[in-house]
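Trainee: model-v1.cif is the file, holding mmCIF, C-alpha atoms:
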data_start
loop_
_atom_site.group_PDB
_atom_site.id
_atom_site.type_symbol
_atom_site.label_atom_id
_atom_site.label_comp_id
_atom_site.auth_asym_id
_atom_site.auth_seq_id
_atom_site.Cartn_x
_atom_site.Cartn_y
_atom_site.Cartn_z
ATOM 1 C CA MET A 30 179.131 86.691 165.132
ATOM 2 C CA LYS A 31 177.919 90.010 166.477
ATOM 3 C CA LEU A 32 177.198 93.019 164.323
ATOM 4 C CA ALA A 33 175.840 96.463 165.015
ATOM 5 C CA VAL A 34 173.641 98.630 162.835
ATOM 6 C CA ILE A 35 173.704 102.391 163.254
ATOM 7 C CA ILE A 36 170.730 104.150 161.730
ATOM 8 C CA THR A 37 170.537 107.908 161.274
ATOM 9 C CA LEU A 38 168.304 110.261 159.351
ATOM 10 C CA LYS A 39 169.618 111.295 155.937
ATOM 11 C CA LYS A 40 171.327 114.666 155.720
ATOM 12 C CA ASP A 41 168.451 116.426 153.962
ATOM 13 C CA VAL A 42 165.845 115.134 156.430
ATOM 14 C CA LEU A 43 165.188 117.423 159.380
ATOM 15 C CA ASP A 44 166.246 115.808 162.645
ATOM 16 C CA PRO A 45 164.324 117.780 165.292
ATOM 17 C CA GLN A 46 165.505 115.586 168.181
ATOM 18 C CA GLY A 47 169.116 116.008 167.077
ATOM 19 C CA LYS A 48 168.595 119.779 166.841
ATOM 20 C CA VAL A 49 167.246 119.952 170.412
ATOM 21 C CA ILE A 50 170.180 117.910 171.739
ATOM 22 C CA GLU A 51 172.593 120.102 169.782
ATOM 23 C CA GLN A 52 171.078 123.343 171.096
ATOM 24 C CA THR A 53 171.055 122.033 174.669
ATOM 25 C CA LEU A 54 174.732 121.070 174.494
ATOM 26 C CA GLN A 55 175.557 124.479 173.020
ATOM 27 C CA ASN A 56 173.588 126.155 175.801
ATOM 28 C CA MET A 57 175.635 124.109 178.260
ATOM 29 C CA GLY A 58 178.703 125.881 176.947
ATOM 30 C CA ILE A 59 180.148 123.329 174.542
ATOM 31 C CA ASN A 60 181.075 125.886 171.923
ATOM 32 C CA SER A 61 183.075 123.620 169.642
ATOM 33 C CA LEU A 62 179.947 121.589 168.792
ATOM 34 C CA LYS A 63 179.415 121.943 165.061
ATOM 35 C CA ASN A 64 176.732 119.440 164.134
ATOM 36 C CA LEU A 65 174.831 116.602 165.787
ATOM 37 C CA ARG A 66 172.551 113.897 164.395
ATOM 38 C CA GLN A 67 170.847 111.329 166.589
ATOM 39 C CA GLY A 68 169.753 107.854 165.550
ATOM 40 C CA LYS A 69 169.279 104.214 166.513
ATOM 41 C CA TYR A 70 171.755 101.513 167.422
ATOM 42 C CA ILE A 71 170.849 97.825 167.024
ATOM 43 C CA GLU A 72 173.036 94.874 168.095
ATOM 44 C CA ILE A 73 172.504 91.629 166.215
ATOM 45 C CA GLU A 74 173.981 88.233 167.057
ATOM 46 C CA LEU A 75 174.047 85.665 164.251
ATOM 47 C CA ASN A 76 174.807 81.945 164.010
ATOM 48 C CA GLU A 77 177.276 82.671 161.244
ATOM 49 C CA LEU A 78 181.050 82.585 161.180
ATOM 50 C CA ASP A 79 181.630 83.939 157.678
ATOM 51 C CA GLU A 80 181.934 87.704 157.975
ATOM 52 C CA LYS A 81 180.760 88.440 154.436
ATOM 53 C CA LYS A 82 177.673 86.245 154.827
ATOM 54 C CA ALA A 83 176.870 87.812 158.206
ATOM 55 C CA HIS A 84 177.181 91.273 156.704
ATOM 56 C CA ASP A 85 174.899 90.330 153.804
ATOM 57 C CA THR A 86 172.280 88.908 156.169
ATOM 58 C CA VAL A 87 172.228 92.083 158.254
ATOM 59 C CA GLU A 88 172.172 94.230 155.132
ATOM 60 C CA ASN A 89 169.087 92.312 154.015
ATOM 61 C CA MET A 90 167.483 92.916 157.430
ATOM 62 C CA CYS A 91 168.196 96.617 157.051
ATOM 63 C CA LYS A 92 166.629 96.828 153.624
ATOM 64 C CA LYS A 93 163.578 94.748 154.493
ATOM 65 C CA LEU A 94 162.688 96.056 157.938
ATOM 66 C CA LEU A 95 165.204 97.897 160.083
ATOM 67 C CA VAL A 96 165.718 100.975 157.929
ATOM 68 C CA ASN A 97 163.326 103.250 156.091
ATOM 69 C CA LEU A 98 165.518 103.990 153.094
ATOM 70 C CA ILE A 99 163.507 107.058 152.114
ATOM 71 C CA ILE A 100 164.566 108.971 155.203
ATOM 72 C CA GLU A 101 167.285 106.937 156.892
ATOM 73 C CA GLU A 102 170.804 105.686 156.158
ATOM 74 C CA TYR A 103 172.712 102.949 157.936
ATOM 75 C CA LYS A 104 176.155 101.604 158.722
ATOM 76 C CA ILE A 105 176.950 98.000 159.622
ATOM 77 C CA LYS A 106 179.895 97.264 161.924
ATOM 78 C CA LYS A 107 181.364 94.066 163.320
ATOM 79 C CA ILE A 108 181.599 94.185 167.110
ATOM 80 C CA MET B 4 128.597 97.632 151.068
ATOM 81 C CA ASN B 5 131.080 95.437 152.943
ATOM 82 C CA SER B 6 133.840 96.923 155.042
ATOM 83 C CA THR B 7 136.635 95.381 157.070
ATOM 84 C CA VAL B 8 138.577 96.948 159.920
ATOM 85 C CA ILE B 9 142.002 95.449 160.621
ATOM 86 C CA VAL B 10 142.893 95.174 164.315
ATOM 87 C CA PHE B 11 146.479 95.073 165.618
ATOM 88 C CA PRO B 12 147.745 94.831 169.163
ATOM 89 C CA GLY B 13 147.771 98.509 170.117
ATOM 90 C CA SER B 14 145.048 99.681 167.726
ATOM 91 C CA ASN B 15 142.765 102.053 169.637
ATOM 92 C CA CYS B 16 140.510 103.603 167.004
ATOM 93 C CA ASP B 17 139.299 100.304 165.555
ATOM 94 C CA ARG B 18 135.965 100.367 167.374
ATOM 95 C CA ASP B 19 135.430 104.059 166.659
ATOM 96 C CA VAL B 20 135.793 103.341 162.940
ATOM 97 C CA ALA B 21 133.545 100.278 163.242
ATOM 98 C CA THR B 22 130.886 102.430 164.966
ATOM 99 C CA ALA B 23 131.110 105.038 162.208
ATOM 100 C CA LEU B 24 130.894 102.420 159.446
ATOM 101 C CA THR B 25 127.947 100.595 161.033
ATOM 102 C CA LYS B 26 126.111 103.861 161.665
ATOM 103 C CA LEU B 27 126.468 104.688 157.977
ATOM 104 C CA GLN B 28 125.084 101.286 156.955
ATOM 105 C CA PHE B 29 128.279 99.443 156.017
ATOM 106 C CA LYS B 30 128.262 95.741 156.819
ATOM 107 C CA ASN B 31 131.434 95.730 158.851
ATOM 108 C CA LYS B 32 133.736 92.949 160.043
ATOM 109 C CA MET B 33 136.756 93.156 162.327
ATOM 110 C CA VAL B 34 139.833 91.125 161.350
ATOM 111 C CA TRP B 35 142.730 90.284 163.675
ATOM 112 C CA HIS B 36 146.254 90.878 162.336
ATOM 113 C CA LYS B 37 147.203 87.189 162.604
ATOM 114 C CA ASP B 38 144.390 86.097 160.295
ATOM 115 C CA ASN B 39 145.301 85.016 156.801
ATOM 116 C CA ASN B 40 141.958 85.598 155.158
ATOM 117 C CA LEU B 41 140.090 88.769 154.402
ATOM 118 C CA PRO B 42 136.308 88.709 154.218
ATOM 119 C CA LYS B 43 134.835 90.030 150.982
ATOM 120 C CA SER B 44 135.368 93.769 151.267
ATOM 121 C CA ASP B 45 134.648 96.882 149.255
ATOM 122 C CA LEU B 46 136.496 98.996 151.785
ATOM 123 C CA ILE B 47 139.334 98.014 154.135
ATOM 124 C CA VAL B 48 140.126 100.402 156.974
ATOM 125 C CA ILE B 49 143.446 100.371 158.821
ATOM 126 C CA PRO B 50 142.629 102.264 161.988
ATOM 127 C CA GLY B 51 144.583 104.575 164.254
ATOM 128 C CA GLY B 52 146.417 103.618 167.410
ATOM 129 C CA PHE B 53 149.873 102.464 168.358
ATOM 130 C CA SER B 54 150.242 99.117 166.618
ATOM 131 C CA TYR B 55 152.992 97.075 168.282
ATOM 132 C CA GLY B 56 153.731 100.032 170.559
ATOM 133 C CA ASP B 57 155.218 102.005 167.646
ATOM 134 C CA TYR B 58 158.344 99.843 168.031
ATOM 135 C CA LEU B 59 161.150 100.439 165.499
ATOM 136 C CA ARG B 60 159.123 103.004 163.510
ATOM 137 C CA SER B 61 155.388 103.727 163.651
ATOM 138 C CA GLY B 62 153.677 101.127 161.503
ATOM 139 C CA ALA B 63 156.861 99.198 160.590
ATOM 140 C CA ILE B 64 155.994 95.967 162.408
ATOM 141 C CA ALA B 65 152.313 96.006 161.464
ATOM 142 C CA ALA B 66 153.319 96.360 157.813
ATOM 143 C CA LYS B 67 154.901 92.880 158.007
ATOM 144 C CA SER B 68 151.920 91.144 159.649
ATOM 145 C CA ASN B 69 150.042 88.221 158.054
ATOM 146 C CA ILE B 70 146.904 90.131 157.182
ATOM 147 C CA LEU B 71 148.787 92.951 155.496
ATOM 148 C CA LYS B 72 149.876 90.550 152.754
ATOM 149 C CA GLU B 73 146.187 90.096 151.981
ATOM 150 C CA VAL B 74 145.512 93.835 152.243
ATOM 151 C CA ILE B 75 148.309 94.509 149.743
ATOM 152 C CA ARG B 76 146.831 91.900 147.402
ATOM 153 C CA ALA B 77 143.360 93.473 147.727
ATOM 154 C CA ALA B 78 144.794 96.961 147.202
ATOM 155 C CA ASN B 79 146.554 95.862 144.026
ATOM 156 C CA SER B 80 143.302 94.470 142.666
ATOM 157 C CA GLY B 81 141.525 97.775 143.230
ATOM 158 C CA CYS B 82 139.830 97.412 146.634
ATOM 159 C CA LEU B 83 139.397 100.733 148.456
ATOM 160 C CA ILE B 84 141.827 101.091 151.364
ATOM 161 C CA LEU B 85 141.615 103.818 153.988
ATOM 162 C CA GLY B 86 144.455 104.272 156.469
ATOM 163 C CA ILE B 87 143.802 106.712 159.295
ATOM 164 C CA CYS B 88 146.629 108.036 161.478
ATOM 165 C CA ASN B 89 148.615 104.906 162.462
ATOM 166 C CA GLY B 90 146.843 103.302 159.492
ATOM 167 C CA PHE B 91 148.444 105.919 157.241
ATOM 168 C CA GLN B 92 151.829 105.161 158.826
ATOM 169 C CA ILE B 93 151.281 101.435 158.171
ATOM 170 C CA LEU B 94 150.338 102.057 154.514
ATOM 171 C CA ILE B 95 153.538 104.083 154.116
ATOM 172 C CA GLU B 96 155.601 101.264 155.642
ATOM 173 C CA THR B 97 154.072 98.699 153.271
ATOM 174 C CA GLY B 98 155.027 100.867 150.324
ATOM 175 C CA LEU B 99 151.404 101.132 149.138
ATOM 176 C CA LEU B 100 151.774 104.870 149.677
ATOM 177 C CA GLN B 101 155.031 106.699 149.093
ATOM 178 C CA GLY B 102 156.930 108.992 151.416
ATOM 179 C CA ALA B 103 157.520 108.964 155.150
ATOM 180 C CA LEU B 104 155.872 110.298 158.299
ATOM 181 C CA LEU B 105 158.457 111.911 160.530
ATOM 182 C CA ARG B 106 158.136 113.112 164.100
ATOM 183 C CA ASN B 107 156.122 116.282 164.437
ATOM 184 C CA ARG B 108 158.235 119.360 163.882
ATOM 185 C CA ASN B 109 157.688 120.591 167.458
ATOM 186 C CA LEU B 110 158.484 117.138 168.916
ATOM 187 C CA LYS B 111 155.131 117.086 170.694
ATOM 188 C CA PHE B 112 152.217 114.717 170.512
ATOM 189 C CA ILE B 113 149.490 116.897 169.011
ATOM 190 C CA SER B 114 145.867 116.235 169.880
ATOM 191 C CA LYS B 115 143.496 118.921 168.679
ATOM 192 C CA ASP B 116 140.845 119.777 166.127
ATOM 193 C CA VAL B 117 142.274 121.265 162.941
ATOM 194 C CA TYR B 118 140.839 122.813 159.803
ATOM 195 C CA LEU B 119 141.378 121.067 156.493
ATOM 196 C CA LYS B 120 140.745 122.249 152.978
ATOM 197 C CA VAL B 121 139.440 119.773 150.440
ATOM 198 C CA ILE B 122 142.005 120.255 147.675
ATOM 199 C CA ASN B 123 140.953 117.426 145.373
ATOM 200 C CA ASN B 124 137.545 115.763 145.463
ATOM 201 C CA ASP B 125 137.891 113.814 142.229
ATOM 202 C CA ASN B 126 138.287 110.474 144.011
ATOM 203 C CA LYS B 127 136.067 107.863 145.635
ATOM 204 C CA PHE B 128 136.773 109.062 149.189
ATOM 205 C CA CYS B 129 135.987 112.745 148.783
ATOM 206 C CA LYS B 130 133.443 113.083 146.024
ATOM 207 C CA ASN B 131 130.695 114.150 148.446
ATOM 208 C CA TYR B 132 132.766 117.124 149.567
ATOM 209 C CA LYS B 133 132.984 120.190 147.382
ATOM 210 C CA LYS B 134 136.372 121.390 146.217
ATOM 211 C CA ASN B 135 137.729 123.997 148.668
ATOM 212 C CA ASN B 136 135.299 122.900 151.415
ATOM 213 C CA ILE B 137 136.768 123.652 154.822
ATOM 214 C CA ILE B 138 136.191 120.885 157.338
ATOM 215 C CA ASN B 139 137.130 120.451 160.967
ATOM 216 C CA LEU B 140 138.614 117.103 162.020
ATOM 217 C CA ASN B 141 140.617 115.888 164.991
ATOM 218 C CA ILE B 142 144.286 114.949 164.822
ATOM 219 C CA ALA B 143 146.125 112.969 167.506
ATOM 220 C CA HIS B 144 149.634 111.913 166.570
ATOM 221 C CA ASN B 145 153.334 112.144 167.254
ATOM 222 C CA GLU B 146 154.576 111.214 163.769
ATOM 223 C CA GLY B 147 152.475 112.998 161.172
ATOM 224 C CA ASN B 148 155.067 115.191 159.537
ATOM 225 C CA TYR B 149 154.750 114.097 155.904
ATOM 226 C CA PHE B 150 157.987 114.005 153.938
ATOM 227 C CA THR B 151 158.702 112.859 150.409
ATOM 228 C CA GLN B 152 161.163 113.375 147.565
ATOM 229 C CA LYS B 153 160.741 116.536 145.497
ATOM 230 C CA ASP B 154 159.714 114.730 142.304
ATOM 231 C CA HIS B 155 157.073 112.708 144.160
ATOM 232 C CA LEU B 156 155.747 115.866 145.808
ATOM 233 C CA LYS B 157 155.338 117.389 142.359
ATOM 234 C CA GLU B 158 153.598 114.241 141.163
ATOM 235 C CA LEU B 159 151.165 114.446 144.096
ATOM 236 C CA GLU B 160 150.364 118.084 143.344
ATOM 237 C CA ASP B 161 150.161 117.657 139.548
ATOM 238 C CA ASN B 162 148.010 114.528 139.591
ATOM 239 C CA ALA B 163 145.439 115.666 142.184
ATOM 240 C CA LEU B 164 146.614 113.098 144.731
ATOM 241 C CA ILE B 165 146.336 115.394 147.753
ATOM 242 C CA PRO B 166 142.756 115.389 149.033
ATOM 243 C CA PHE B 167 143.349 117.402 152.223
ATOM 244 C CA LYS B 168 145.710 120.128 153.382
ATOM 245 C CA TYR B 169 145.898 121.792 156.792
ATOM 246 C CA CYS B 170 144.544 125.341 156.745
ATOM 247 C CA ASP B 171 143.005 127.957 159.029
ATOM 248 C CA LYS B 172 139.318 128.664 159.615
ATOM 249 C CA GLU B 173 139.202 130.836 156.497
ATOM 250 C CA GLY B 174 141.008 128.278 154.363
ATOM 251 C CA SER B 175 144.429 129.846 153.975
ATOM 252 C CA ILE B 176 147.166 127.295 153.731
ATOM 253 C CA ASN B 177 150.416 128.494 155.211
ATOM 254 C CA ASP B 178 153.138 127.457 157.612
ATOM 255 C CA LYS B 179 151.347 129.031 160.570
ATOM 256 C CA ASN B 180 148.460 126.610 160.086
ATOM 257 C CA ASN B 181 150.675 123.589 159.634
ATOM 258 C CA PRO B 182 150.392 121.650 162.904
ATOM 259 C CA ASN B 183 153.166 119.102 162.366
ATOM 260 C CA GLY B 184 155.526 120.425 159.683
ATOM 261 C CA SER B 185 154.182 118.346 156.779
ATOM 262 C CA MET B 186 155.481 119.316 153.336
ATOM 263 C CA ASN B 187 153.005 121.640 151.584
ATOM 264 C CA ASN B 188 150.623 121.268 154.602
ATOM 265 C CA ILE B 189 149.697 117.768 153.415
ATOM 266 C CA ALA B 190 147.192 115.982 155.693
ATOM 267 C CA GLY B 191 146.496 113.021 153.410
ATOM 268 C CA ILE B 192 147.559 111.466 150.119
ATOM 269 C CA LEU B 193 146.251 109.043 147.514
ATOM 270 C CA ASN B 194 148.117 106.475 145.441
ATOM 271 C CA ASN B 195 148.240 106.926 141.665
ATOM 272 C CA LYS B 196 145.178 104.736 141.097
ATOM 273 C CA LYS B 197 143.296 106.700 143.786
ATOM 274 C CA ASN B 198 141.999 103.577 145.539
ATOM 275 C CA ILE B 199 144.218 104.037 148.598
ATOM 276 C CA LEU B 200 143.883 107.014 150.923
ATOM 277 C CA GLY B 201 146.167 107.649 153.880
ATOM 278 C CA MET B 202 145.378 110.558 156.192
ATOM 279 C CA MET B 203 146.453 111.727 159.637
ATOM 280 C CA PRO B 204 143.123 113.351 160.700
ATOM 281 C CA HIS B 205 140.352 111.170 162.118
ATOM 282 C CA PRO B 206 137.081 111.359 160.141
ATOM 283 C CA GLU B 207 135.552 108.620 162.325
ATOM 284 C CA ARG B 208 135.660 110.967 165.326
ATOM 285 C CA MET B 209 133.490 113.494 163.507
ATOM 286 C CA ILE B 210 130.260 111.659 162.820
ATOM 287 C CA ASP B 211 128.043 112.812 165.676
ATOM 288 C CA SER B 212 127.201 116.429 166.537
ATOM 289 C CA LEU B 213 126.527 115.407 170.134
ATOM 290 C CA ILE B 214 130.220 114.770 170.813
ATOM 291 C CA SER B 215 132.040 116.632 168.018
ATOM 292 C CA ASN B 216 130.740 117.565 164.596
ATOM 293 C CA THR B 217 129.658 115.706 161.486
ATOM 294 C CA ASP B 218 132.387 116.770 159.047
ATOM 295 C CA GLY B 219 133.738 113.218 158.753
ATOM 296 C CA ILE B 220 130.484 111.648 157.585
ATOM 297 C CA GLU B 221 130.828 112.637 153.946
ATOM 298 C CA LEU B 222 134.095 110.748 153.600
ATOM 299 C CA PHE B 223 132.351 107.473 154.431
ATOM 300 C CA ASN B 224 129.263 108.495 152.456
ATOM 301 C CA SER B 225 131.446 109.180 149.419
ATOM 302 C CA VAL B 226 132.588 105.562 149.510
ATOM 303 C CA LEU B 227 129.001 104.348 149.899
ATOM 304 C CA ASN B 228 127.585 106.250 146.942
#
Just give me the structure as structure tokens.
Mentor:
Amino acid sequence: MKLAVIITLKKDVLDPQGKVIEQTLQNMGINSLKNLRQGKYIEIELNELDEKKAHDTVENMCKKLLVNLIIEEYKIKKI
Amino acid sequence: MNSTVIVFPGSNCDRDVATALTKLQFKNKMVWHKDNNLPKSDLIVIPGGFSYGDYLRSGAIAAKSNILKEVIRAANSGCLILGICNGFQILIETGLLQGALLRNRNLKFISKDVYLKVINNDNKFCKNYKKNNIINLNIAHNEGNYFTQKDHLKELEDNALIPFKYCDKEGSINDKNNPNGSMNNIAGILNNKKNILGMMPHPERMIDSLISNTDGIELFNSVLN
């Protein structure tokens, strides 16, 4: 089973890279752009067929290593 | 006094620290990250560099290495631990120090000499400095922007757990003299028991007037005496 983790900075943490991307896109004339946050995307393949178990394993990975919970938040998706 | 410097793939200040420690009469040993045993140490230094290429987050992979389990054990039994630059990032990732080190506010790698004010000297790392001393140390980092929760920030300020803050030559601490965007101009923090110090500036680079200055010496001397 393949899952993806999307990691972004929490709302109250300044995201300077996101800000630069946002400003650049606005300068390029994309006026409808309201807000932009950038982050990380990790694809994980597991030897696991049970979706719940796979999700739990990846969640554990997030908590133990992949995510710094003080500044980051994450979403897990099946792909 | 016995010191140990931990070496990771990508460490690049390990030998600078070892030179500083030896010059100041520490009996120093270098320990590779895969080792499982720490030599008897009064001080453990986690040096600067780019451990594991800064993959995932600076310090995140190093924090899970074999030897760090031993460092955490030593830290919990009171051994003095000094994390400099990437070493500070590693200590944060282990959870021995709280908070996070974000990318510098200006998104640039900053390498320059900065002024620091000694805010609290009531700890084993800074007792040879006088309170409000202004010292000049080098910084060289991309992720040194210290961030923490509001209640922890208050705890740091209230309990004298901030030894150094960025300032100007005259000692004023304001946003203009904040090189990386750190909360409250924080350049280094201590844990509650004050046996663990993490700091972005490099005291080991300031031990010889021939190549820089000697403002870093008293940090190591404080530990010695």
Trainee: Any chance you could tabulate, as JSON lines, the residues of chain A at most 12 Å from chain B with each one's nearest atom pair and distance in Å to one decimal, using all atoms listed in the file, in chain and rising number order?
Mentor:
{"residue": "A:Ile36", "atom": "CA", "partner": "B:Leu59", "partner_atom": "CA", "distance": 10.9}
{"residue": "A:Leu38", "atom": "CA", "partner": "B:Leu105", "partner_atom": "CA", "distance": 10.1}
{"residue": "A:Asp41", "atom": "CA", "partner": "B:Gln152", "partner_atom": "CA", "distance": 10.2}
{"residue": "A:Val42", "atom": "CA", "partner": "B:Phe150", "partner_atom": "CA", "distance": 8.3}
{"residue": "A:Leu43", "atom": "CA", "partner": "B:Arg108", "partner_atom": "CA", "distance": 8.5}
{"residue": "A:Asp44", "atom": "CA", "partner": "B:Arg106", "partner_atom": "CA", "distance": 8.7}
{"residue": "A:Pro45", "atom": "CA", "partner": "B:Arg108", "partner_atom": "CA", "distance": 6.4}
{"residue": "A:Gln46", "atom": "CA", "partner": "B:Leu110", "partner_atom": "CA", "distance": 7.2}
{"residue": "A:Gly47", "atom": "CA", "partner": "B:Leu110", "partner_atom": "CA", "distance": 10.8}
{"residue": "A:Lys48", "atom": "CA", "partner": "B:Leu110", "partner_atom": "CA", "distance": 10.7}
{"residue": "A:Val49", "atom": "CA", "partner": "B:Leu110", "partner_atom": "CA", "distance": 9.3}
{"residue": "A:Gly68", "atom": "CA", "partner": "B:Leu59", "partner_atom": "CA", "distance": 11.4}
{"residue": "A:Lys69", "atom": "CA", "partner": "B:Leu59", "partner_atom": "CA", "distance": 9.0}
{"residue": "A:Tyr70", "atom": "CA", "partner": "B:Leu59", "partner_atom": "CA", "distance": 10.8}
{"residue": "A:Ile71", "atom": "CA", "partner": "B:Leu59", "partner_atom": "CA", "distance": 10.2}
{"residue": "A:Cys91", "atom": "CA", "partner": "B:Leu59", "partner_atom": "CA", "distance": 11.6}
{"residue": "A:Lys93", "atom": "CA", "partner": "B:Lys67", "partner_atom": "CA", "distance": 9.5}
{"residue": "A:Leu94", "atom": "CA", "partner": "B:Ala63", "partner_atom": "CA", "distance": 7.1}
{"residue": "A:Leu95", "atom": "CA", "partner": "B:Leu59", "partner_atom": "CA", "distance": 7.2}
{"residue": "A:Val96", "atom": "CA", "partner": "B:Leu59", "partner_atom": "CA", "distance": 8.9}
{"residue": "A:Asn97", "atom": "CA", "partner": "B:Glu96", "partner_atom": "CA", "distance": 8.0}
{"residue": "A:Leu98", "atom": "CA", "partner": "B:Ala103", "partner_atom": "CA", "distance": 9.6}
{"residue": "A:Ile99", "atom": "CA", "partner": "B:Gly102", "partner_atom": "CA", "distance": 6.9}
{"residue": "A:Ile100", "atom": "CA", "partner": "B:Ala103", "partner_atom": "CA", "distance": 7.0}
{"residue": "A:Glu101", "atom": "CA", "partner": "B:Ala103", "partner_atom": "CA", "distance": 10.1}
Trainee: Of the residues B:Lys197, B:Lys130, B:Arg208, B:Lys120, which is the one nearest to B:Lys168, using all atoms listed in the file?
Mentor: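 Closest to B:Lys168, using all atoms listed in the file: B:Lys120.
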Trainee: To one decimal place, how far is atom CA of B:Tyr118 from atom CA of B:Asn198 in Å?
Mentor: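 Spanning atom CA of B:Tyr118 to atom CA of B:Asn198 is a straight-line distance of 24.0 Å.
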Trainee: Within 12 Å of A:Thr86, counting all atoms listed in the file, which residues show up once you throw out same-chain ones fewer than 2 positions away? Write them as a count of residues only, please.
Mentor: 23
Trainee: For each of B:Leu83, B:Leu41, B:Leu222, B:Ile49, take the minimum atom-to-atom distance to B:Ile95, counting all atoms listed in the file, then give the residue where this is smallest.
Mentor: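 Residue with the minimum atom-to-atom distance to B:Ile95: B:Ile49.
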Trainee: What's the 6 Å shell around B:Ile84, counting only C-alpha atoms, without same-chain residues fewer than 5 positions away, as a PyMOL selection string?
Mentor: chain B and resi 46-48+199
Trainee: Run through the PyMOL selection byres ((chain B and resi 176) around 12) on the given coordinates and return the selected residues as JSON, numbers by chain.
Mentor: {"B": [118, 119, 120, 121, 122, 135, 137, 167, 168, 169, 170, 171, 172, 173, 174, 175, 177, 178, 179, 180, 181, 182, 185, 186, 187, 188, 189, 190]}
Trainee: Box along x, y and z, 8 Å on every side, all listed atoms of stretch 204-209 of chain B inside: centre and edge lengths in Å to one decimal, as lines of an AutoDock Vina configuration file.
Mentor:
center_x = 138.3
center_y = 111.1
center_z = 162.7
size_x = 25.6
size_y = 20.9
size_z = 21.2
Trainee: For a cutoff of 8 Å around the file-coordinate point (149.0, 115.3, 145.5), which residues qualify once you count only C-alpha atoms? I'd like the result as a PyMOL selection string.
Mentor: chain B and resi 156-166+192-193
Trainee: Could you expand the PyMOL selection byres ((chain B and resi 40) around 10) into the explicit residues it covers here, written as a list in words?
Mentor: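 When the PyMOL selection byres ((chain B and resi 40) around 10) is applied to the shown file, the picked residues are Val34, Trp35, His36, Lys37, Asp38, Asn39, Leu41, Pro42, Lys43, Asn69, Ile70, Lys72, Glu73 and Val74 of chain B.
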Trainee: Got time to write the residues from that selection, C-alpha atoms, as a PDB file, keeping the file's coordinate frame?
Mentor:
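Written file, result23.pdb:
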ATOM      1  CA  VAL B  34     139.833  91.125 161.350  1.00  0.00           C
ATOM      2  CA  TRP B  35     142.730  90.284 163.675  1.00  0.00           C
ATOM      3  CA  HIS B  36     146.254  90.878 162.336  1.00  0.00           C
ATOM      4  CA  LYS B  37     147.203  87.189 162.604  1.00  0.00           C
ATOM      5  CA  ASP B  38     144.390  86.097 160.295  1.00  0.00           C
ATOM      6  CA  ASN B  39     145.301  85.016 156.801  1.00  0.00           C
ATOM      7  CA  LEU B  41     140.090  88.769 154.402  1.00  0.00           C
ATOM      8  CA  PRO B  42     136.308  88.709 154.218  1.00  0.00           C
ATOM      9  CA  LYS B  43     134.835  90.030 150.982  1.00  0.00           C
ATOM     10  CA  ASN B  69     150.042  88.221 158.054  1.00  0.00           C
ATOM     11  CA  ILE B  70     146.904  90.131 157.182  1.00  0.00           C
ATOM     12  CA  LYS B  72     149.876  90.550 152.754  1.00  0.00           C
ATOM     13  CA  GLU B  73     146.187  90.096 151.981  1.00  0.00           C
ATOM     14  CA  VAL B  74     145.512  93.835 152.243  1.00  0.00           C
TER      15      VAL B  74
END
Trainee: Compile the contact shell of B:Val117 as a PyMOL selection string: residues with an atom at most 7 Å away, counting only C-alpha atoms, same-chain residues fewer than 4 positions apart removed.
Mentor: chain B and resi 139-142
Trainee: Please enumerate the residues selected by the PyMOL selection byres ((chain B and resi 53) around 6) when evaluated against the supplied file, formatted as a list in words.
Mentor: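 Output from the PyMOL selection byres ((chain B and resi 53) around 6), applied to this file: Gly13, Ser14, Gly52, Ser54, Gly56 and Asp57 of chain B.
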Trainee: Record the distance separating atom CA of A:Glu72 and atom CA of A:Thr37, expressed in Å with one decimal.
Mentor: 14.9 Å
Trainee: Got a minute to add N, CA and C atoms to stretch 15-23 of chain B and dump it as a compact mmCIF listing (two decimals), in the frame of the given file?
Mentor:
# COMPACT_ATOMS: atom_id res chain seq x y z
N ASN B 15 143.74 101.53 168.67
CA ASN B 15 142.76 102.05 169.64
C ASN B 15 141.64 102.86 169.00
N CYS B 16 141.62 102.92 167.67
CA CYS B 16 140.51 103.60 167.00
C CYS B 16 139.69 102.62 166.20
N ASP B 17 139.98 101.32 166.35
CA ASP B 17 139.30 100.30 165.56
C ASP B 17 137.80 100.30 165.80
N ARG B 18 137.41 100.42 167.09
CA ARG B 18 135.96 100.37 167.37
C ARG B 18 135.27 101.68 167.03
N ASP B 19 136.01 102.78 167.09
CA ASP B 19 135.43 104.06 166.66
C ASP B 19 135.09 103.99 165.17
N VAL B 20 136.03 103.46 164.39
CA VAL B 20 135.79 103.34 162.94
C VAL B 20 134.63 102.39 162.69
N ALA B 21 134.62 101.27 163.43
CA ALA B 21 133.54 100.28 163.24
C ALA B 21 132.19 100.92 163.55
N THR B 22 132.14 101.74 164.61
CA THR B 22 130.89 102.43 164.97
C THR B 22 130.45 103.36 163.83
N ALA B 23 131.42 104.11 163.31
CA ALA B 23 131.11 105.04 162.21
C ALA B 23 130.59 104.27 161.00
